[in-house]
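So this block is target.cif, mmCIF, N, CA and C atoms and all ligand atoms:
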```cif
data_input
loop_
_atom_site.label_atom_id
_atom_site.label_comp_id
_atom_site.auth_asym_id
_atom_site.auth_seq_id
_atom_site.Cartn_x
_atom_site.Cartn_y
_atom_site.Cartn_z
N MET A 188 118.61 112.84 72.32
CA MET A 188 117.97 111.57 71.96
C MET A 188 119.03 110.47 71.78
N GLY A 189 118.63 109.26 72.06
CA GLY A 189 119.52 108.14 71.84
C GLY A 189 120.62 108.03 72.88
N LYS A 190 120.44 108.70 73.99
CA LYS A 190 121.47 108.68 75.02
C LYS A 190 121.51 107.33 75.73
N PHE A 191 120.32 106.73 75.95
CA PHE A 191 120.26 105.47 76.69
C PHE A 191 120.14 104.26 75.77
N SER A 192 119.26 104.34 74.82
CA SER A 192 119.08 103.22 73.91
C SER A 192 119.01 103.76 72.49
N PRO A 193 119.62 103.07 71.56
CA PRO A 193 119.55 103.54 70.18
C PRO A 193 118.13 103.40 69.63
N THR A 194 117.70 104.36 68.85
CA THR A 194 116.39 104.26 68.23
C THR A 194 116.60 104.07 66.74
N ARG A 195 115.62 103.45 66.11
CA ARG A 195 115.70 103.34 64.65
C ARG A 195 114.36 103.72 64.05
N GLN A 196 114.46 104.27 62.86
CA GLN A 196 113.27 104.72 62.16
C GLN A 196 112.62 103.51 61.47
N HIS A 197 111.33 103.37 61.61
CA HIS A 197 110.63 102.28 60.95
C HIS A 197 109.31 102.83 60.45
N GLY A 198 109.24 103.11 59.17
CA GLY A 198 108.07 103.80 58.64
C GLY A 198 107.94 105.14 59.32
N ASP A 199 106.79 105.32 59.94
CA ASP A 199 106.50 106.57 60.62
C ASP A 199 106.95 106.51 62.09
N CYS A 200 107.40 105.38 62.51
CA CYS A 200 107.69 105.14 63.93
C CYS A 200 109.16 105.32 64.25
N GLU A 201 109.40 105.59 65.53
CA GLU A 201 110.75 105.63 66.05
C GLU A 201 110.81 104.49 67.06
N GLU A 202 111.64 103.50 66.80
CA GLU A 202 111.58 102.29 67.61
C GLU A 202 112.77 102.09 68.54
N ILE A 203 112.48 101.43 69.65
CA ILE A 203 113.50 100.94 70.57
C ILE A 203 113.26 99.44 70.69
N THR A 204 114.33 98.66 70.73
CA THR A 204 114.19 97.21 70.70
C THR A 204 113.40 96.68 71.90
N ASN A 205 113.73 97.15 73.09
CA ASN A 205 113.09 96.62 74.29
C ASN A 205 111.77 97.35 74.57
N PRO A 206 110.64 96.64 74.53
CA PRO A 206 109.33 97.30 74.71
C PRO A 206 109.16 97.99 76.06
N SER A 207 109.77 97.45 77.12
CA SER A 207 109.57 98.13 78.41
C SER A 207 110.43 99.39 78.49
N THR A 208 111.59 99.39 77.83
CA THR A 208 112.36 100.63 77.72
C THR A 208 111.57 101.65 76.90
N ALA A 209 110.95 101.17 75.84
CA ALA A 209 110.15 102.04 74.99
C ALA A 209 108.99 102.64 75.78
N PHE A 210 108.37 101.82 76.62
CA PHE A 210 107.27 102.29 77.46
C PHE A 210 107.72 103.44 78.35
N GLY A 211 108.89 103.29 78.98
CA GLY A 211 109.43 104.32 79.86
C GLY A 211 109.81 105.58 79.09
N ARG A 212 110.39 105.39 77.90
CA ARG A 212 110.79 106.54 77.09
C ARG A 212 109.58 107.32 76.60
N ARG A 213 108.53 106.58 76.22
CA ARG A 213 107.29 107.20 75.75
C ARG A 213 106.73 108.10 76.85
N ARG A 214 106.75 107.56 78.05
CA ARG A 214 106.24 108.29 79.20
C ARG A 214 107.08 109.54 79.46
N ARG A 215 108.41 109.39 79.41
CA ARG A 215 109.29 110.54 79.64
C ARG A 215 109.10 111.61 78.57
N ASN A 216 109.03 111.17 77.32
CA ASN A 216 108.80 112.13 76.22
C ASN A 216 107.51 112.91 76.43
N TRP A 217 106.49 112.15 76.84
CA TRP A 217 105.18 112.78 77.06
C TRP A 217 105.26 113.85 78.16
N ILE A 218 105.90 113.48 79.25
CA ILE A 218 106.00 114.40 80.39
C ILE A 218 106.81 115.65 80.00
N GLU A 219 107.88 115.45 79.22
CA GLU A 219 108.66 116.60 78.74
C GLU A 219 107.82 117.52 77.87
N ALA A 220 106.98 116.93 77.04
CA ALA A 220 106.22 117.73 76.08
C ALA A 220 104.95 118.33 76.69
N TYR A 221 104.22 117.53 77.48
CA TYR A 221 102.88 117.95 77.92
C TYR A 221 102.70 118.04 79.42
N GLY A 222 103.68 117.56 80.18
CA GLY A 222 103.52 117.57 81.63
C GLY A 222 103.07 116.21 82.15
N ASP A 223 102.65 116.18 83.40
CA ASP A 223 102.40 114.92 84.09
C ASP A 223 101.36 114.02 83.44
N VAL A 224 101.57 112.73 83.63
CA VAL A 224 100.58 111.73 83.22
C VAL A 224 99.64 111.52 84.40
N PRO A 225 98.33 111.75 84.21
CA PRO A 225 97.40 111.58 85.34
C PRO A 225 97.43 110.15 85.89
N ALA A 226 97.22 110.02 87.19
CA ALA A 226 97.19 108.69 87.81
C ALA A 226 96.12 107.84 87.16
N GLY A 227 96.39 106.58 87.01
CA GLY A 227 95.41 105.68 86.40
C GLY A 227 95.46 105.69 84.89
N GLN A 228 96.38 106.51 84.32
CA GLN A 228 96.50 106.54 82.86
C GLN A 228 97.92 106.16 82.46
N VAL A 229 98.05 105.65 81.27
CA VAL A 229 99.37 105.30 80.74
C VAL A 229 99.53 105.94 79.37
N VAL A 230 100.80 106.11 78.96
CA VAL A 230 101.08 106.65 77.64
C VAL A 230 101.27 105.47 76.70
N ASP A 231 100.40 105.36 75.73
CA ASP A 231 100.46 104.27 74.78
C ASP A 231 100.80 104.82 73.40
N ALA A 232 101.10 103.93 72.47
CA ALA A 232 101.40 104.36 71.10
C ALA A 232 100.17 104.10 70.23
N SER A 233 99.68 105.15 69.57
CA SER A 233 98.45 105.03 68.78
C SER A 233 98.65 104.11 67.57
N CYS A 234 99.90 103.93 67.15
CA CYS A 234 100.18 103.05 66.01
C CYS A 234 100.13 101.58 66.40
N GLY A 235 100.03 101.30 67.73
CA GLY A 235 99.96 99.93 68.20
C GLY A 235 101.31 99.24 68.23
N ASN A 236 102.37 99.98 67.91
CA ASN A 236 103.71 99.43 67.90
C ASN A 236 104.33 99.58 69.30
N LYS A 237 104.53 98.46 69.99
CA LYS A 237 105.00 98.51 71.37
C LYS A 237 106.43 99.01 71.49
N HIS A 238 107.13 99.07 70.38
CA HIS A 238 108.51 99.55 70.39
C HIS A 238 108.61 101.03 70.05
N CYS A 239 107.48 101.64 69.71
CA CYS A 239 107.49 103.00 69.17
C CYS A 239 107.52 104.05 70.28
N ILE A 240 108.42 105.03 70.13
CA ILE A 240 108.48 106.12 71.11
C ILE A 240 108.21 107.47 70.46
N ALA A 241 107.77 107.47 69.19
CA ALA A 241 107.52 108.73 68.50
C ALA A 241 106.44 109.52 69.25
N LEU A 242 106.75 110.77 69.57
CA LEU A 242 105.81 111.57 70.35
C LEU A 242 104.49 111.76 69.60
N ARG A 243 104.55 111.87 68.28
CA ARG A 243 103.32 112.09 67.51
C ARG A 243 102.41 110.86 67.55
N HIS A 244 102.93 109.72 67.96
CA HIS A 244 102.10 108.52 68.07
C HIS A 244 101.65 108.26 69.51
N ALA A 245 102.10 109.12 70.42
CA ALA A 245 101.80 108.87 71.83
C ALA A 245 100.43 109.43 72.19
N TYR A 246 99.68 108.71 72.99
CA TYR A 246 98.40 109.21 73.50
C TYR A 246 98.15 108.60 74.88
N LEU A 247 97.24 109.22 75.62
CA LEU A 247 96.92 108.74 76.96
C LEU A 247 95.73 107.81 76.91
N ARG A 248 95.82 106.73 77.64
CA ARG A 248 94.63 105.90 77.79
C ARG A 248 94.57 105.42 79.24
N ALA A 249 93.39 105.00 79.66
CA ALA A 249 93.21 104.51 81.03
C ALA A 249 93.98 103.20 81.18
N ARG A 250 94.62 103.07 82.31
CA ARG A 250 95.30 101.81 82.60
C ARG A 250 94.24 100.73 82.83
N VAL A 251 94.42 99.60 82.20
CA VAL A 251 93.46 98.52 82.37
C VAL A 251 94.16 97.39 83.10
N GLU A 252 93.57 96.97 84.21
CA GLU A 252 94.17 95.85 84.91
C GLU A 252 93.95 94.60 84.08
N PRO A 253 94.97 93.72 84.06
CA PRO A 253 94.78 92.47 83.33
C PRO A 253 93.62 91.70 83.94
N PRO A 254 92.88 90.94 83.14
CA PRO A 254 91.74 90.20 83.69
C PRO A 254 92.19 89.27 84.81
N GLY A 255 91.38 89.17 85.84
CA GLY A 255 91.72 88.27 86.93
C GLY A 255 92.54 88.91 88.03
N THR A 256 92.91 90.18 87.86
CA THR A 256 93.71 90.87 88.87
C THR A 256 93.03 90.83 90.23
N TYR A 257 91.77 91.24 90.29
CA TYR A 257 91.08 91.31 91.57
C TYR A 257 90.78 89.92 92.12
N ARG A 258 90.50 89.00 91.19
CA ARG A 258 90.26 87.61 91.58
C ARG A 258 91.48 87.07 92.34
N LYS A 259 92.68 87.35 91.80
CA LYS A 259 93.91 86.86 92.43
C LYS A 259 94.11 87.49 93.80
N ILE A 260 93.84 88.78 93.90
CA ILE A 260 94.00 89.47 95.18
C ILE A 260 92.99 88.91 96.18
N ALA A 261 91.76 88.68 95.70
CA ALA A 261 90.71 88.14 96.57
C ALA A 261 91.09 86.74 97.08
N ASP A 262 91.71 85.94 96.22
CA ASP A 262 92.15 84.61 96.64
C ASP A 262 93.21 84.71 97.74
N ARG A 263 94.07 85.70 97.57
CA ARG A 263 95.12 85.92 98.56
C ARG A 263 94.52 86.34 99.89
N VAL A 264 93.52 87.21 99.83
CA VAL A 264 92.83 87.65 101.05
C VAL A 264 92.22 86.44 101.76
N HIS A 265 91.61 85.56 100.96
CA HIS A 265 90.90 84.43 101.54
C HIS A 265 91.83 83.51 102.34
N LYS A 266 93.11 83.48 101.97
CA LYS A 266 94.07 82.62 102.68
C LYS A 266 94.58 83.26 103.96
N LEU A 267 94.31 84.54 104.14
CA LEU A 267 94.77 85.22 105.36
C LEU A 267 93.89 84.85 106.54
N LYS A 268 94.45 85.06 107.72
CA LYS A 268 93.63 85.00 108.92
C LYS A 268 93.09 86.41 109.16
N VAL A 269 91.98 86.47 109.88
CA VAL A 269 91.40 87.78 110.19
C VAL A 269 92.44 88.63 110.93
N GLY A 270 92.61 89.85 110.48
CA GLY A 270 93.58 90.75 111.10
C GLY A 270 94.90 90.84 110.35
N GLN A 271 95.15 89.87 109.46
CA GLN A 271 96.39 89.92 108.68
C GLN A 271 96.20 90.80 107.45
N HIS A 272 97.30 91.28 106.93
CA HIS A 272 97.21 92.17 105.77
C HIS A 272 98.40 91.98 104.84
N PHE A 273 98.28 92.50 103.63
CA PHE A 273 99.42 92.58 102.71
C PHE A 273 99.27 93.85 101.90
N GLU A 274 100.32 94.19 101.17
CA GLU A 274 100.27 95.42 100.40
C GLU A 274 100.27 95.15 98.90
N VAL A 275 99.53 95.97 98.19
CA VAL A 275 99.50 95.89 96.73
C VAL A 275 100.10 97.19 96.21
N LYS A 276 101.13 97.07 95.39
CA LYS A 276 101.84 98.27 94.93
C LYS A 276 101.23 98.88 93.67
N GLY A 277 101.48 100.15 93.49
CA GLY A 277 101.21 100.81 92.22
C GLY A 277 99.75 101.13 91.95
N VAL A 278 98.93 101.21 92.99
CA VAL A 278 97.52 101.52 92.76
C VAL A 278 97.33 103.01 92.43
N GLY A 279 98.10 103.85 93.10
CA GLY A 279 97.98 105.29 92.85
C GLY A 279 97.62 106.02 94.13
N THR A 280 97.91 107.31 94.19
CA THR A 280 97.66 108.06 95.42
C THR A 280 96.36 108.86 95.35
N ASP A 281 95.74 108.94 94.20
CA ASP A 281 94.51 109.72 94.09
C ASP A 281 93.29 108.88 94.46
N GLU A 282 92.24 109.56 94.89
CA GLU A 282 91.03 108.88 95.35
C GLU A 282 90.37 108.05 94.26
N ARG A 283 90.43 108.54 93.03
CA ARG A 283 89.76 107.82 91.95
C ARG A 283 90.37 106.43 91.74
N SER A 284 91.71 106.38 91.71
CA SER A 284 92.37 105.09 91.53
C SER A 284 92.10 104.16 92.70
N ARG A 285 92.12 104.74 93.89
CA ARG A 285 91.88 103.91 95.07
C ARG A 285 90.45 103.40 95.11
N ASN A 286 89.51 104.24 94.75
CA ASN A 286 88.11 103.81 94.74
C ASN A 286 87.87 102.71 93.72
N ARG A 287 88.55 102.85 92.57
CA ARG A 287 88.40 101.83 91.54
C ARG A 287 88.93 100.50 92.06
N PHE A 288 90.08 100.56 92.73
CA PHE A 288 90.66 99.35 93.29
C PHE A 288 89.72 98.73 94.32
N ARG A 289 89.22 99.60 95.21
CA ARG A 289 88.33 99.18 96.28
C ARG A 289 87.09 98.48 95.73
N SER A 290 86.45 99.11 94.76
CA SER A 290 85.21 98.49 94.28
C SER A 290 85.50 97.21 93.50
N GLY A 291 86.63 97.17 92.79
CA GLY A 291 87.02 95.95 92.09
C GLY A 291 87.25 94.81 93.06
N LEU A 292 87.95 95.12 94.15
CA LEU A 292 88.27 94.07 95.12
C LEU A 292 87.03 93.66 95.92
N TYR A 293 86.20 94.63 96.31
CA TYR A 293 84.98 94.29 97.05
C TYR A 293 84.10 93.35 96.24
N ALA A 294 84.04 93.59 94.94
CA ALA A 294 83.22 92.74 94.08
C ALA A 294 83.80 91.33 93.98
N ALA A 295 85.14 91.23 94.01
CA ALA A 295 85.79 89.92 93.85
C ALA A 295 85.84 89.14 95.16
N ALA A 296 86.03 89.86 96.27
CA ALA A 296 86.21 89.19 97.57
C ALA A 296 84.86 88.97 98.22
N ARG A 297 84.13 88.01 97.75
CA ARG A 297 82.77 87.87 98.25
C ARG A 297 82.68 87.06 99.52
N LEU A 298 83.75 86.33 99.86
CA LEU A 298 83.71 85.50 101.06
C LEU A 298 84.28 86.21 102.27
N ASP A 299 85.00 87.29 102.01
CA ASP A 299 85.73 87.94 103.09
C ASP A 299 85.36 89.41 103.21
N LYS A 300 85.42 89.90 104.43
CA LYS A 300 85.30 91.33 104.65
C LYS A 300 86.70 91.91 104.61
N VAL A 301 86.89 92.90 103.77
CA VAL A 301 88.23 93.48 103.64
C VAL A 301 88.19 94.97 103.90
N SER A 302 89.32 95.49 104.34
CA SER A 302 89.49 96.92 104.46
C SER A 302 90.68 97.32 103.59
N VAL A 303 90.53 98.41 102.85
CA VAL A 303 91.56 98.86 101.93
C VAL A 303 92.00 100.24 102.37
N ARG A 304 93.27 100.38 102.67
CA ARG A 304 93.76 101.69 103.07
C ARG A 304 94.92 102.15 102.19
N GLY A 305 94.79 103.34 101.61
CA GLY A 305 95.83 103.88 100.74
C GLY A 305 97.06 104.30 101.52
N GLN A 306 98.24 104.05 100.95
CA GLN A 306 99.50 104.44 101.56
C GLN A 306 100.09 105.60 100.75
N PRO A 307 100.94 106.42 101.38
CA PRO A 307 101.48 107.60 100.68
C PRO A 307 102.31 107.26 99.44
N ASP A 308 102.85 106.05 99.36
CA ASP A 308 103.70 105.71 98.22
C ASP A 308 102.92 105.16 97.02
N GLY A 309 101.58 105.19 97.12
CA GLY A 309 100.77 104.72 95.99
C GLY A 309 100.36 103.27 96.09
N SER A 310 100.84 102.59 97.14
CA SER A 310 100.37 101.22 97.34
C SER A 310 99.13 101.26 98.24
N VAL A 311 98.46 100.14 98.37
CA VAL A 311 97.35 100.06 99.31
C VAL A 311 97.56 98.87 100.24
N ARG A 312 97.08 99.02 101.45
CA ARG A 312 97.14 97.93 102.40
C ARG A 312 95.77 97.26 102.43
N VAL A 313 95.78 95.97 102.15
CA VAL A 313 94.55 95.19 102.14
C VAL A 313 94.52 94.34 103.40
N THR A 314 93.55 94.57 104.27
CA THR A 314 93.44 93.84 105.54
C THR A 314 92.16 93.00 105.53
N LYS A 315 92.31 91.77 105.95
CA LYS A 315 91.13 90.93 106.11
C LYS A 315 90.54 91.23 107.47
N VAL A 316 89.31 91.74 107.49
CA VAL A 316 88.72 92.14 108.78
C VAL A 316 87.63 91.18 109.25
N GLY A 317 87.31 90.22 108.41
CA GLY A 317 86.30 89.26 108.83
C GLY A 317 85.90 88.35 107.69
N GLU A 318 84.98 87.44 107.97
CA GLU A 318 84.48 86.55 106.93
C GLU A 318 82.96 86.60 106.94
N TRP A 319 82.40 86.57 105.73
CA TRP A 319 80.96 86.48 105.64
C TRP A 319 80.59 85.03 105.83
N SER A 320 79.61 84.79 106.65
CA SER A 320 79.17 83.41 106.80
C SER A 320 77.90 83.19 105.99
N SER A 321 77.95 82.21 105.09
CA SER A 321 76.78 81.91 104.28
C SER A 321 75.88 80.91 105.00
N VAL A 322 76.44 80.30 106.07
CA VAL A 322 75.69 79.28 106.79
C VAL A 322 74.73 79.92 107.79
N GLY A 323 74.96 81.17 108.12
CA GLY A 323 74.10 81.85 109.06
C GLY A 323 74.39 81.42 110.50
N ALA A 324 75.65 81.37 110.85
CA ALA A 324 76.06 80.91 112.18
C ALA A 324 75.61 81.88 113.28
ZN ZN B 1 104.59 104.61 65.97
#
```

Take the structure from the file and write it as structure tokens.
Amino acid sequence: MGKFSPTRQHGDCEEITNPSTAFGRRRRNWIEAYGDVPAGQVVDASCGNKHCIALRHAYLRARVEPPGTYRKIADRVHKLKVGQHFEVKGVGTDERSRNRFRSGLYAAARLDKVSVRGQPDGSVRVTKVGEWSSVGA
């Protein structure tokens, strides 16, 4: 312990100054103790302390996309020409995560027809395949 960043005791918590370092350490501690973190889930601290890496405070919860995530991706799709694509990283390689992404984006991208294809590295390729016409052309 304490090889990379110094920890300090704070009440019941074990803290690291940098919250993103703490996030990574929490995840590593969890994996050492219990094994893999399922895709679409993150290791959070039950005490609500973002600096806390105490294993007894660690628990799994579903990853929640920040509000507006799909809206932003949908806006990006709308600026593409038909046939163009871009990649979104970190969606996950399992079907559940990909389906969640797909349905979130389909709901947000109401003006465009999109195709979502999962990549082996956990990203997805979002391709604009057409536009819905509301005018009835
Ligand atoms: Zn804690």

* **Shell around A:Trp319 at 5 Å using only N, CA and C atoms, local window under 2 positions removed, as number ranges by chain** => A: 298-300, 317, 321

* Compute the set of protein, DNA and RNA residues whose minimum atom distance to ligand ZN 1 (chain B) is at most 8 Å, using only C-alpha atoms and all ligand atoms, and state it as a PyMOL selection string. => chain A and resi 199-202+232-236+238-241+243-245

* Please, what distance in Å, to one decimal, runs between atom CA of A:Ile260 and atom CA of A:Ser302? ->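 Calculated distance between atom CA of A:Ile260 and atom CA of A:Ser302 is 12.7 Å.
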
* Report the distance between atom CA of A:Ser290 and atom CA of A:Gly309 in Å, rounded to one decimal place. =>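 That distance, rounded to one decimal, is 16.8 Å.
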
* If you count all atoms listed in the file, which residues fall within 8 Å of A:Leu292, apart from same-chain ones fewer than 2 positions away, as a list of chain:residue names? ->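 Listing them by chain and then by number gives A:Thr256, A:Tyr257, A:Arg258, A:Ile260, A:Ala261, A:Asn286, A:Arg287, A:Phe288, A:Arg289, A:Ser290, A:Ala294, A:Ala295, A:Ala296, A:Arg297, A:Val301.
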
* To do: Between atom C of A:Phe273 and atom CA of A:Val229, measure the distance and give it in Å to one decimal.
  => 24.1 Å

* Do you know which residues are at most 8 Å from A:Gly279 counting all atoms listed in the file, after dropping those on the same chain fewer than 2 positions away, and could you put them as a list in words? ->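 Listing them by chain and then by number gives Ala226, Gly227, Val275, Lys276, Gly277, Asp281, Glu282, Arg283, Ser284, Arg285, Gly305, Gln306, Pro307, Asp308, Gly309, Ser310 and Val311 of chain A.
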
Can you put all heavy atoms back into stretch 210-221 of chain A and show it as a JSON list (two decimals), in the frame of the given file?
```json
[["chain", "number", "residue", "atom", "x", "y", "z"],
["A", 210, "PHE", "N", 108.37, 101.82, 76.62],
["A", 210, "PHE", "CA", 107.27, 102.29, 77.46],
["A", 210, "PHE", "C", 107.72, 103.44, 78.35],
["A", 210, "PHE", "O", 107.06, 104.48, 78.45],
["A", 210, "PHE", "CB", 106.78, 101.11, 78.32],
["A", 210, "PHE", "CG", 105.58, 101.43, 79.16],
["A", 210, "PHE", "CD1", 104.31, 101.30, 78.64],
["A", 210, "PHE", "CD2", 105.74, 101.86, 80.47],
["A", 210, "PHE", "CE1", 103.20, 101.60, 79.42],
["A", 210, "PHE", "CE2", 104.64, 102.17, 81.25],
["A", 210, "PHE", "CZ", 103.37, 102.03, 80.72],
["A", 211, "GLY", "N", 108.89, 103.29, 78.98],
["A", 211, "GLY", "CA", 109.43, 104.32, 79.86],
["A", 211, "GLY", "C", 109.81, 105.58, 79.09],
["A", 211, "GLY", "O", 109.60, 106.69, 79.56],
["A", 212, "ARG", "N", 110.39, 105.39, 77.90],
["A", 212, "ARG", "CA", 110.79, 106.54, 77.09],
["A", 212, "ARG", "C", 109.58, 107.32, 76.60],
["A", 212, "ARG", "O", 109.58, 108.54, 76.55],
["A", 212, "ARG", "CB", 111.61, 106.06, 75.88],
["A", 212, "ARG", "CG", 113.06, 105.82, 76.22],
["A", 212, "ARG", "CD", 113.82, 107.14, 76.41],
["A", 212, "ARG", "NE", 114.01, 107.86, 75.17],
["A", 212, "ARG", "CZ", 114.98, 107.61, 74.30],
["A", 212, "ARG", "NH1", 115.85, 106.66, 74.54],
["A", 212, "ARG", "NH2", 115.07, 108.31, 73.19],
["A", 213, "ARG", "N", 108.53, 106.58, 76.22],
["A", 213, "ARG", "CA", 107.29, 107.20, 75.75],
["A", 213, "ARG", "C", 106.73, 108.10, 76.85],
["A", 213, "ARG", "O", 106.30, 109.22, 76.62],
["A", 213, "ARG", "CB", 106.29, 106.11, 75.43],
["A", 213, "ARG", "CG", 105.56, 106.35, 74.17],
["A", 213, "ARG", "CD", 104.77, 105.21, 73.58],
["A", 213, "ARG", "NE", 104.35, 104.17, 74.45],
["A", 213, "ARG", "CZ", 104.62, 102.88, 74.25],
["A", 213, "ARG", "NH1", 105.33, 102.49, 73.21],
["A", 213, "ARG", "NH2", 104.18, 101.96, 75.07],
["A", 214, "ARG", "N", 106.75, 107.56, 78.05],
["A", 214, "ARG", "CA", 106.24, 108.29, 79.20],
["A", 214, "ARG", "C", 107.08, 109.54, 79.46],
["A", 214, "ARG", "O", 106.54, 110.62, 79.68],
["A", 214, "ARG", "CB", 106.26, 107.35, 80.41],
["A", 214, "ARG", "CG", 105.57, 107.89, 81.61],
["A", 214, "ARG", "CD", 105.69, 106.91, 82.78],
["A", 214, "ARG", "NE", 105.34, 107.59, 84.00],
["A", 214, "ARG", "CZ", 104.09, 107.69, 84.46],
["A", 214, "ARG", "NH1", 103.12, 107.10, 83.82],
["A", 214, "ARG", "NH2", 103.84, 108.36, 85.56],
["A", 215, "ARG", "N", 108.41, 109.39, 79.41],
["A", 215, "ARG", "CA", 109.29, 110.54, 79.64],
["A", 215, "ARG", "C", 109.10, 111.61, 78.57],
["A", 215, "ARG", "O", 109.04, 112.80, 78.88],
["A", 215, "ARG", "CB", 110.75, 110.10, 79.68],
["A", 215, "ARG", "CG", 111.24, 109.84, 81.09],
["A", 215, "ARG", "CD", 112.73, 110.04, 81.27],
["A", 215, "ARG", "NE", 113.56, 109.41, 80.26],
["A", 215, "ARG", "CZ", 113.93, 108.14, 80.27],
["A", 215, "ARG", "NH1", 113.53, 107.34, 81.22],
["A", 215, "ARG", "NH2", 114.70, 107.64, 79.33],
["A", 216, "ASN", "N", 109.03, 111.17, 77.32],
["A", 216, "ASN", "CA", 108.80, 112.13, 76.22],
["A", 216, "ASN", "C", 107.51, 112.91, 76.43],
["A", 216, "ASN", "O", 107.44, 114.10, 76.19],
["A", 216, "ASN", "CB", 108.70, 111.40, 74.87],
["A", 216, "ASN", "CG", 110.06, 110.87, 74.42],
["A", 216, "ASN", "OD1", 111.09, 111.22, 75.00],
["A", 216, "ASN", "ND2", 110.06, 110.02, 73.42],
["A", 217, "TRP", "N", 106.49, 112.15, 76.84],
["A", 217, "TRP", "CA", 105.18, 112.78, 77.06],
["A", 217, "TRP", "C", 105.26, 113.85, 78.16],
["A", 217, "TRP", "O", 104.77, 114.97, 78.01],
["A", 217, "TRP", "CB", 104.14, 111.73, 77.43],
["A", 217, "TRP", "CG", 102.78, 112.30, 77.66],
["A", 217, "TRP", "CD1", 102.32, 112.89, 78.80],
["A", 217, "TRP", "CD2", 101.72, 112.40, 76.71],
["A", 217, "TRP", "NE1", 101.04, 113.34, 78.63],
["A", 217, "TRP", "CE2", 100.64, 113.05, 77.34],
["A", 217, "TRP", "CE3", 101.58, 111.98, 75.39],
["A", 217, "TRP", "CZ2", 99.44, 113.29, 76.70],
["A", 217, "TRP", "CZ3", 100.38, 112.22, 74.74],
["A", 217, "TRP", "CH2", 99.32, 112.87, 75.40],
["A", 218, "ILE", "N", 105.90, 113.48, 79.25],
["A", 218, "ILE", "CA", 106.00, 114.40, 80.39],
["A", 218, "ILE", "C", 106.81, 115.65, 80.00],
["A", 218, "ILE", "O", 106.43, 116.77, 80.35],
["A", 218, "ILE", "CB", 106.62, 113.68, 81.61],
["A", 218, "ILE", "CG1", 105.62, 112.64, 82.14],
["A", 218, "ILE", "CG2", 107.00, 114.66, 82.72],
["A", 218, "ILE", "CD1", 106.17, 111.67, 83.15],
["A", 219, "GLU", "N", 107.88, 115.45, 79.22],
["A", 219, "GLU", "CA", 108.66, 116.60, 78.74],
["A", 219, "GLU", "C", 107.82, 117.52, 77.87],
["A", 219, "GLU", "O", 107.93, 118.73, 77.94],
["A", 219, "GLU", "CB", 109.87, 116.13, 77.93],
["A", 219, "GLU", "CG", 111.10, 115.90, 78.79],
["A", 219, "GLU", "CD", 112.21, 115.22, 78.01],
["A", 219, "GLU", "OE1", 112.32, 115.46, 76.79],
["A", 219, "GLU", "OE2", 112.95, 114.43, 78.62],
["A", 220, "ALA", "N", 106.98, 116.93, 77.04],
["A", 220, "ALA", "CA", 106.22, 117.73, 76.08],
["A", 220, "ALA", "C", 104.95, 118.33, 76.69],
["A", 220, "ALA", "O", 104.60, 119.47, 76.42],
["A", 220, "ALA", "CB", 105.86, 116.87, 74.86],
["A", 221, "TYR", "N", 104.22, 117.53, 77.48],
["A", 221, "TYR", "CA", 102.88, 117.95, 77.92],
["A", 221, "TYR", "C", 102.70, 118.04, 79.42],
["A", 221, "TYR", "O", 101.67, 118.47, 79.90],
["A", 221, "TYR", "CB", 101.81, 116.98, 77.38],
["A", 221, "TYR", "CG", 101.86, 116.77, 75.89],
["A", 221, "TYR", "CD1", 102.20, 115.53, 75.36],
["A", 221, "TYR", "CD2", 101.56, 117.82, 75.01],
["A", 221, "TYR", "CE1", 102.25, 115.33, 73.99],
["A", 221, "TYR", "CE2", 101.61, 117.62, 73.64],
["A", 221, "TYR", "CZ", 101.95, 116.37, 73.14],
["A", 221, "TYR", "OH", 102.00, 116.19, 71.79]]
```
